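Here the structure is laid out as structure tokens; the discussion comes afterwards.
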Amino acid sequence: MPGLSGIRGVAAGSYHTCALTTTDAVSCWGWNVGGQIGDGMIANRLTPFELPTLGPSGAVALAMGSYHSCALLGDGSERCWGQNDYGQLGNGSETNSGAPVGVFSLPPTAAIAAGGRHSCARLEDSTVQCWGGNDVGELGDGTTEAHSFPEPVTGVNDAIAVAAGFNHSCALRAGGQVTCWGANGYGQLGDGTTTDSALPVAVGGVEGAIAIAAGYNHTCAVLSGGGLRCWGWNAAGQLGDGTMIDSPAPIAVPGLTDDVIAVAGGGFHTCAATADGAVACWGSNDSGQLGDGTTVGRTSPALVAGVTL
């Protein structure tokens with residue numbers, strides 16, 4: 001990619017992308033209508049722009065929302081930039097920012113996640129705080145009121161990972177359980193219902209989870225034995241079970257039963273990496289997002305051509 005080398009991490013929003021380099025710098029490119037590129041402007045960027053103002057400790061992790069971006073810094077603080085109409089930047093305002101701003105009064109942070117119009121952080125003390133849009137309870141504080149500053153997620157004090165979909169959120173707990181909160185119209189909370197919840201609810205059937213990922217309206221978890229379970233919206237086959245039927249409870253992804261090591265959720269597709277270095281994807285493929293050389297959608301995993309990790 002022109003002007004960019006030494007990449008050690010990448011994250012993608014709806015129409016923009018950011019990369020983390022080996023020098024702990026962040027570069028972004030793509031659509032910039034809300035300032036999500038971080039260059040202080042709103043013109044789109046066709047090539048990477050390196051952000052100059054993230055602080056002396058540099059960035060260690062990235063998370064992209066629909067139209068906002070966040071970076072976790074080496075000192076445990078967090079910076080966000082871009083669209084802020086719901087307070088998703090966490091700086092106490094609802095004003096867009098084309099430059100990174102500090103998240104208000106956030107304790108030392110270990111991991112970050114960004115959803116459609118909200119953001120979440122797993123703190124070093126294993127609690128979770130979220131901020132931004134909250135129409136369906138995606139902040140997990142028991143209300144449906146938006147917050148422009150972080151609020152604790154009720155009852156989560158042992159989180160080891162956090163994930164955010166468009167308007168739902170999930171936490172991986174220390175014992176391998178998963179809890180989710182927010183929108184549930186497609187069963188993306190995994191509690192067997194389609195009822196929204198402003199408080200965390202337990203996901204059934206995913207004991208022993210070691211990793212989680214959230215797509216637009218679906219969620220997946222990698223189990224300790226290498227199996228994969230997904231739940232929620234399935235209109236494009238993004239659950240990978242060979243059907244296009246939504247599921248409010250976790251279902252196994254056939255063919256990926258014992259060797260999955262990582263999973264990622266997109267808008268309408270899902271990808272998983274396996275222990276032998278292969279990558280498989282499934283779901284919507286109208287733009288070739290499954291990487292199998294076609295534009296044919298898949299309801300079960302298909303290998304990405306020419307990729308070995």
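Letters A, B, ... mark the chains of the structure tokens in the order given; residue numbers begin at 1 per chain; ligand numbers begin at 1, in order shown.
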Would you pick out the contacts of segment 245-248 of chain A at 8 Å or less, using only C-alpha atoms, so that residues sharing its chain but fewer than 5 positions from it are not included, and give the list as a PyMOL selection string? chain A and resi 186-194+231-235+237
Next, write the just-selected residues to a file, as a CSV table (one decimal), in the first residue's frame, keeping C-alpha atoms as the atom set.
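The file below, again.csv, is the result:
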```csv
chain,number,residue,atom,x,y,z
A,186,TYR,CA,-32.8,-11.3,15.3
A,187,GLY,CA,-31.6,-13.2,18.4
A,188,GLN,CA,-28.1,-11.7,18.4
A,189,LEU,CA,-28.0,-11.7,22.2
A,190,GLY,CA,-28.1,-15.5,22.1
A,191,ASP,CA,-30.4,-16.0,25.1
A,192,GLY,CA,-33.0,-17.9,23.1
A,193,THR,CA,-35.4,-14.9,22.7
A,194,THR,CA,-35.8,-11.9,20.4
A,231,TRP,CA,-26.3,-16.8,16.6
A,232,GLY,CA,-28.6,-14.0,15.4
A,233,TRP,CA,-29.4,-12.7,11.9
A,234,ASN,CA,-28.8,-15.2,9.1
A,235,ALA,CA,-30.5,-13.6,6.1
A,237,GLY,CA,-26.1,-17.2,5.6
```
Go through segment 98-152 of chain A residue by residue and, counting only C-alpha atoms, keep those with an atom at most 6 Å from segment 195-200 of chain A; for each kept residue give the shortest atom pair and its distance in Å to one decimal, ordered by chain and increasing number, as a Markdown table.
```
| residue | atom | partner | partner_atom | distance |
| --- | --- | --- | --- | --- |
| A:Gly137 | CA | A:Ala198 | CA | 3.7 |
| A:Gly140 | CA | A:Leu199 | CA | 4.8 |
| A:Gly142 | CA | A:Ala198 | CA | 4.6 |
| A:Thr143 | CA | A:Ala198 | CA | 5.9 |
```
Which residues, written as a ChimeraX atom specification, have at least one atom at most 9 Å from Met64 of chain A, with only C-alpha atoms counted and residues fewer than 6 positions away on the same chain left out? /A:11-14,16-18,36,70-71,113-116
Writing out the chosen residues with N, CA and C atoms as a PDB file, in the first residue's frame:
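The new file selection.pdb reads:
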```
ATOM      1  N   ALA A  11      -8.080  -2.451  11.332  1.00  0.00           N
ATOM      2  CA  ALA A  11      -9.488  -2.474  11.734  1.00  0.00           C
ATOM      3  C   ALA A  11     -10.295  -1.721  10.692  1.00  0.00           C
ATOM      4  N   ALA A  12     -11.536  -2.139  10.484  1.00  0.00           N
ATOM      5  CA  ALA A  12     -12.366  -1.559   9.436  1.00  0.00           C
ATOM      6  C   ALA A  12     -13.710  -1.134   9.990  1.00  0.00           C
ATOM      7  N   GLY A  13     -14.162   0.065   9.582  1.00  0.00           N
ATOM      8  CA  GLY A  13     -15.503   0.539   9.865  1.00  0.00           C
ATOM      9  C   GLY A  13     -16.402   0.274   8.677  1.00  0.00           C
ATOM     10  N   SER A  14     -17.509   0.998   8.587  1.00  0.00           N
ATOM     11  CA  SER A  14     -18.431   0.765   7.477  1.00  0.00           C
ATOM     12  C   SER A  14     -17.787   1.106   6.140  1.00  0.00           C
ATOM     13  N   HIS A  16     -14.446   2.952   6.107  1.00  0.00           N
ATOM     14  CA  HIS A  16     -13.092   3.455   6.328  1.00  0.00           C
ATOM     15  C   HIS A  16     -12.267   2.376   7.019  1.00  0.00           C
ATOM     16  N   THR A  17     -10.960   2.540   6.944  1.00  0.00           N
ATOM     17  CA  THR A  17     -10.038   1.549   7.479  1.00  0.00           C
ATOM     18  C   THR A  17      -8.885   2.261   8.180  1.00  0.00           C
ATOM     19  N   CYS A  18      -8.378   1.660   9.240  1.00  0.00           N
ATOM     20  CA  CYS A  18      -7.201   2.188   9.924  1.00  0.00           C
ATOM     21  C   CYS A  18      -6.220   1.044  10.171  1.00  0.00           C
ATOM     22  N   GLN A  36     -13.861  10.578  10.555  1.00  0.00           N
ATOM     23  CA  GLN A  36     -13.344   9.320  11.083  1.00  0.00           C
ATOM     24  C   GLN A  36     -11.926   8.981  10.616  1.00  0.00           C
ATOM     25  N   CYS A  70     -11.522   4.540  17.194  1.00  0.00           N
ATOM     26  CA  CYS A  70     -10.933   4.643  18.526  1.00  0.00           C
ATOM     27  C   CYS A  70      -9.590   3.916  18.560  1.00  0.00           C
ATOM     28  N   ALA A  71      -8.691   4.440  19.384  1.00  0.00           N
ATOM     29  CA  ALA A  71      -7.387   3.812  19.582  1.00  0.00           C
ATOM     30  C   ALA A  71      -7.106   3.692  21.069  1.00  0.00           C
ATOM     31  N   ALA A 113     -13.726  -1.715  21.885  1.00  0.00           N
ATOM     32  CA  ALA A 113     -14.611  -2.186  20.825  1.00  0.00           C
ATOM     33  C   ALA A 113     -15.480  -1.016  20.392  1.00  0.00           C
ATOM     34  N   ALA A 114     -15.846  -0.990  19.120  1.00  0.00           N
ATOM     35  CA  ALA A 114     -16.692   0.082  18.602  1.00  0.00           C
ATOM     36  C   ALA A 114     -17.821  -0.519  17.790  1.00  0.00           C
ATOM     37  N   GLY A 115     -19.037  -0.070  18.057  1.00  0.00           N
ATOM     38  CA  GLY A 115     -20.208  -0.543  17.343  1.00  0.00           C
ATOM     39  C   GLY A 115     -20.701   0.496  16.357  1.00  0.00           C
ATOM     40  N   GLY A 116     -21.965   0.380  15.987  1.00  0.00           N
ATOM     41  CA  GLY A 116     -22.507   1.319  15.012  1.00  0.00           C
ATOM     42  C   GLY A 116     -22.460   2.746  15.505  1.00  0.00           C
TER      43      GLY A 116
END
```
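Among A:Cys130, A:Ala121, A:Val162, A:Leu89, the residue with the shortest atom-to-atom distance to Ala213 of chain A, counting only C-alpha atoms, is A:Val162.
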For Thr53 of chain A, please output as a list in words all residues within 10 Å (counting only C-alpha atoms; exclusion window: fewer than 6 positions along the same chain).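 Using only C-alpha atoms, the neighbours found are Ala25, Val26, Gly38, Asp39, Arg79, Ala99, Pro100 and Val101 of chain A.
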Got time to write the residues from that selection, C-alpha atoms, as a PDB file, in the first residue's frame?
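After the write, selection.pdb holds the following:
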```pdb
ATOM      1  CA  ALA A  25       1.427   4.902  14.796  1.00  0.00           C
ATOM      2  CA  VAL A  26      -2.066   4.913  13.264  1.00  0.00           C
ATOM      3  CA  GLY A  38      -8.642  11.813  11.931  1.00  0.00           C
ATOM      4  CA  ASP A  39      -7.014  14.390   9.669  1.00  0.00           C
ATOM      5  CA  ARG A  79      -8.669   8.403  21.997  1.00  0.00           C
ATOM      6  CA  ALA A  99      -9.055  14.904  15.403  1.00  0.00           C
ATOM      7  CA  PRO A 100      -8.620  12.425  18.279  1.00  0.00           C
ATOM      8  CA  VAL A 101     -10.168  13.402  21.618  1.00  0.00           C
TER       9      VAL A 101
END
```
Excluding Gly133 of chain A and any residue of its chain fewer than 5 positions from it, enumerate the residues within 9 Å of it, using only C-alpha atoms, and give them as a list in words. Asp85, Tyr86, Gly87, Gln88, Gly116, Arg117, His118, Ser119, Glu138, Leu139, Thr144, Glu145, Ala146, His147, Ser148 and Asn167 of chain A
Can I get the selected residues back with C-alpha atoms, as a PDB file, in the first residue's frame?
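As a result, result_8.pdb now contains:
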```pdb
ATOM      1  CA  ASP A  85     -24.021  12.552  17.240  1.00  0.00           C
ATOM      2  CA  TYR A  86     -24.765   9.990  19.961  1.00  0.00           C
ATOM      3  CA  GLY A  87     -21.732  10.716  22.124  1.00  0.00           C
ATOM      4  CA  GLN A  88     -19.819   7.709  20.777  1.00  0.00           C
ATOM      5  CA  GLY A 116     -22.507   1.319  15.012  1.00  0.00           C
ATOM      6  CA  ARG A 117     -23.056   4.332  17.260  1.00  0.00           C
ATOM      7  CA  HIS A 118     -21.484   3.262  20.538  1.00  0.00           C
ATOM      8  CA  SER A 119     -18.140   2.243  21.999  1.00  0.00           C
ATOM      9  CA  GLU A 138     -26.497  -1.408  23.903  1.00  0.00           C
ATOM     10  CA  LEU A 139     -24.652   0.352  26.750  1.00  0.00           C
ATOM     11  CA  THR A 144     -32.054   3.341  26.984  1.00  0.00           C
ATOM     12  CA  GLU A 145     -30.547   6.794  27.437  1.00  0.00           C
ATOM     13  CA  ALA A 146     -27.555   7.810  25.321  1.00  0.00           C
ATOM     14  CA  HIS A 147     -24.406   8.795  27.216  1.00  0.00           C
ATOM     15  CA  SER A 148     -21.563  10.939  25.902  1.00  0.00           C
ATOM     16  CA  ASN A 167     -26.445  -1.898  18.377  1.00  0.00           C
TER      17      ASN A 167
END
```
Taking the DSSP secondary structure from the backbone, can you list the residues of segment 60-229 of chain A that are strand (DSSP E), as a PyMOL selection string? chain A and resi 60-64+68-73+78-82+97-102+109-114+118-123+128-132+147-152+159-164+168-173+178-182+197-202+209-214+218-223+228-229
Quick one: residues within 8 Å of Gly267 of chain A, only C-alpha atoms, excluding same-chain residues fewer than 5 positions away - as a PyMOL selection string? chain A and resi 215-217
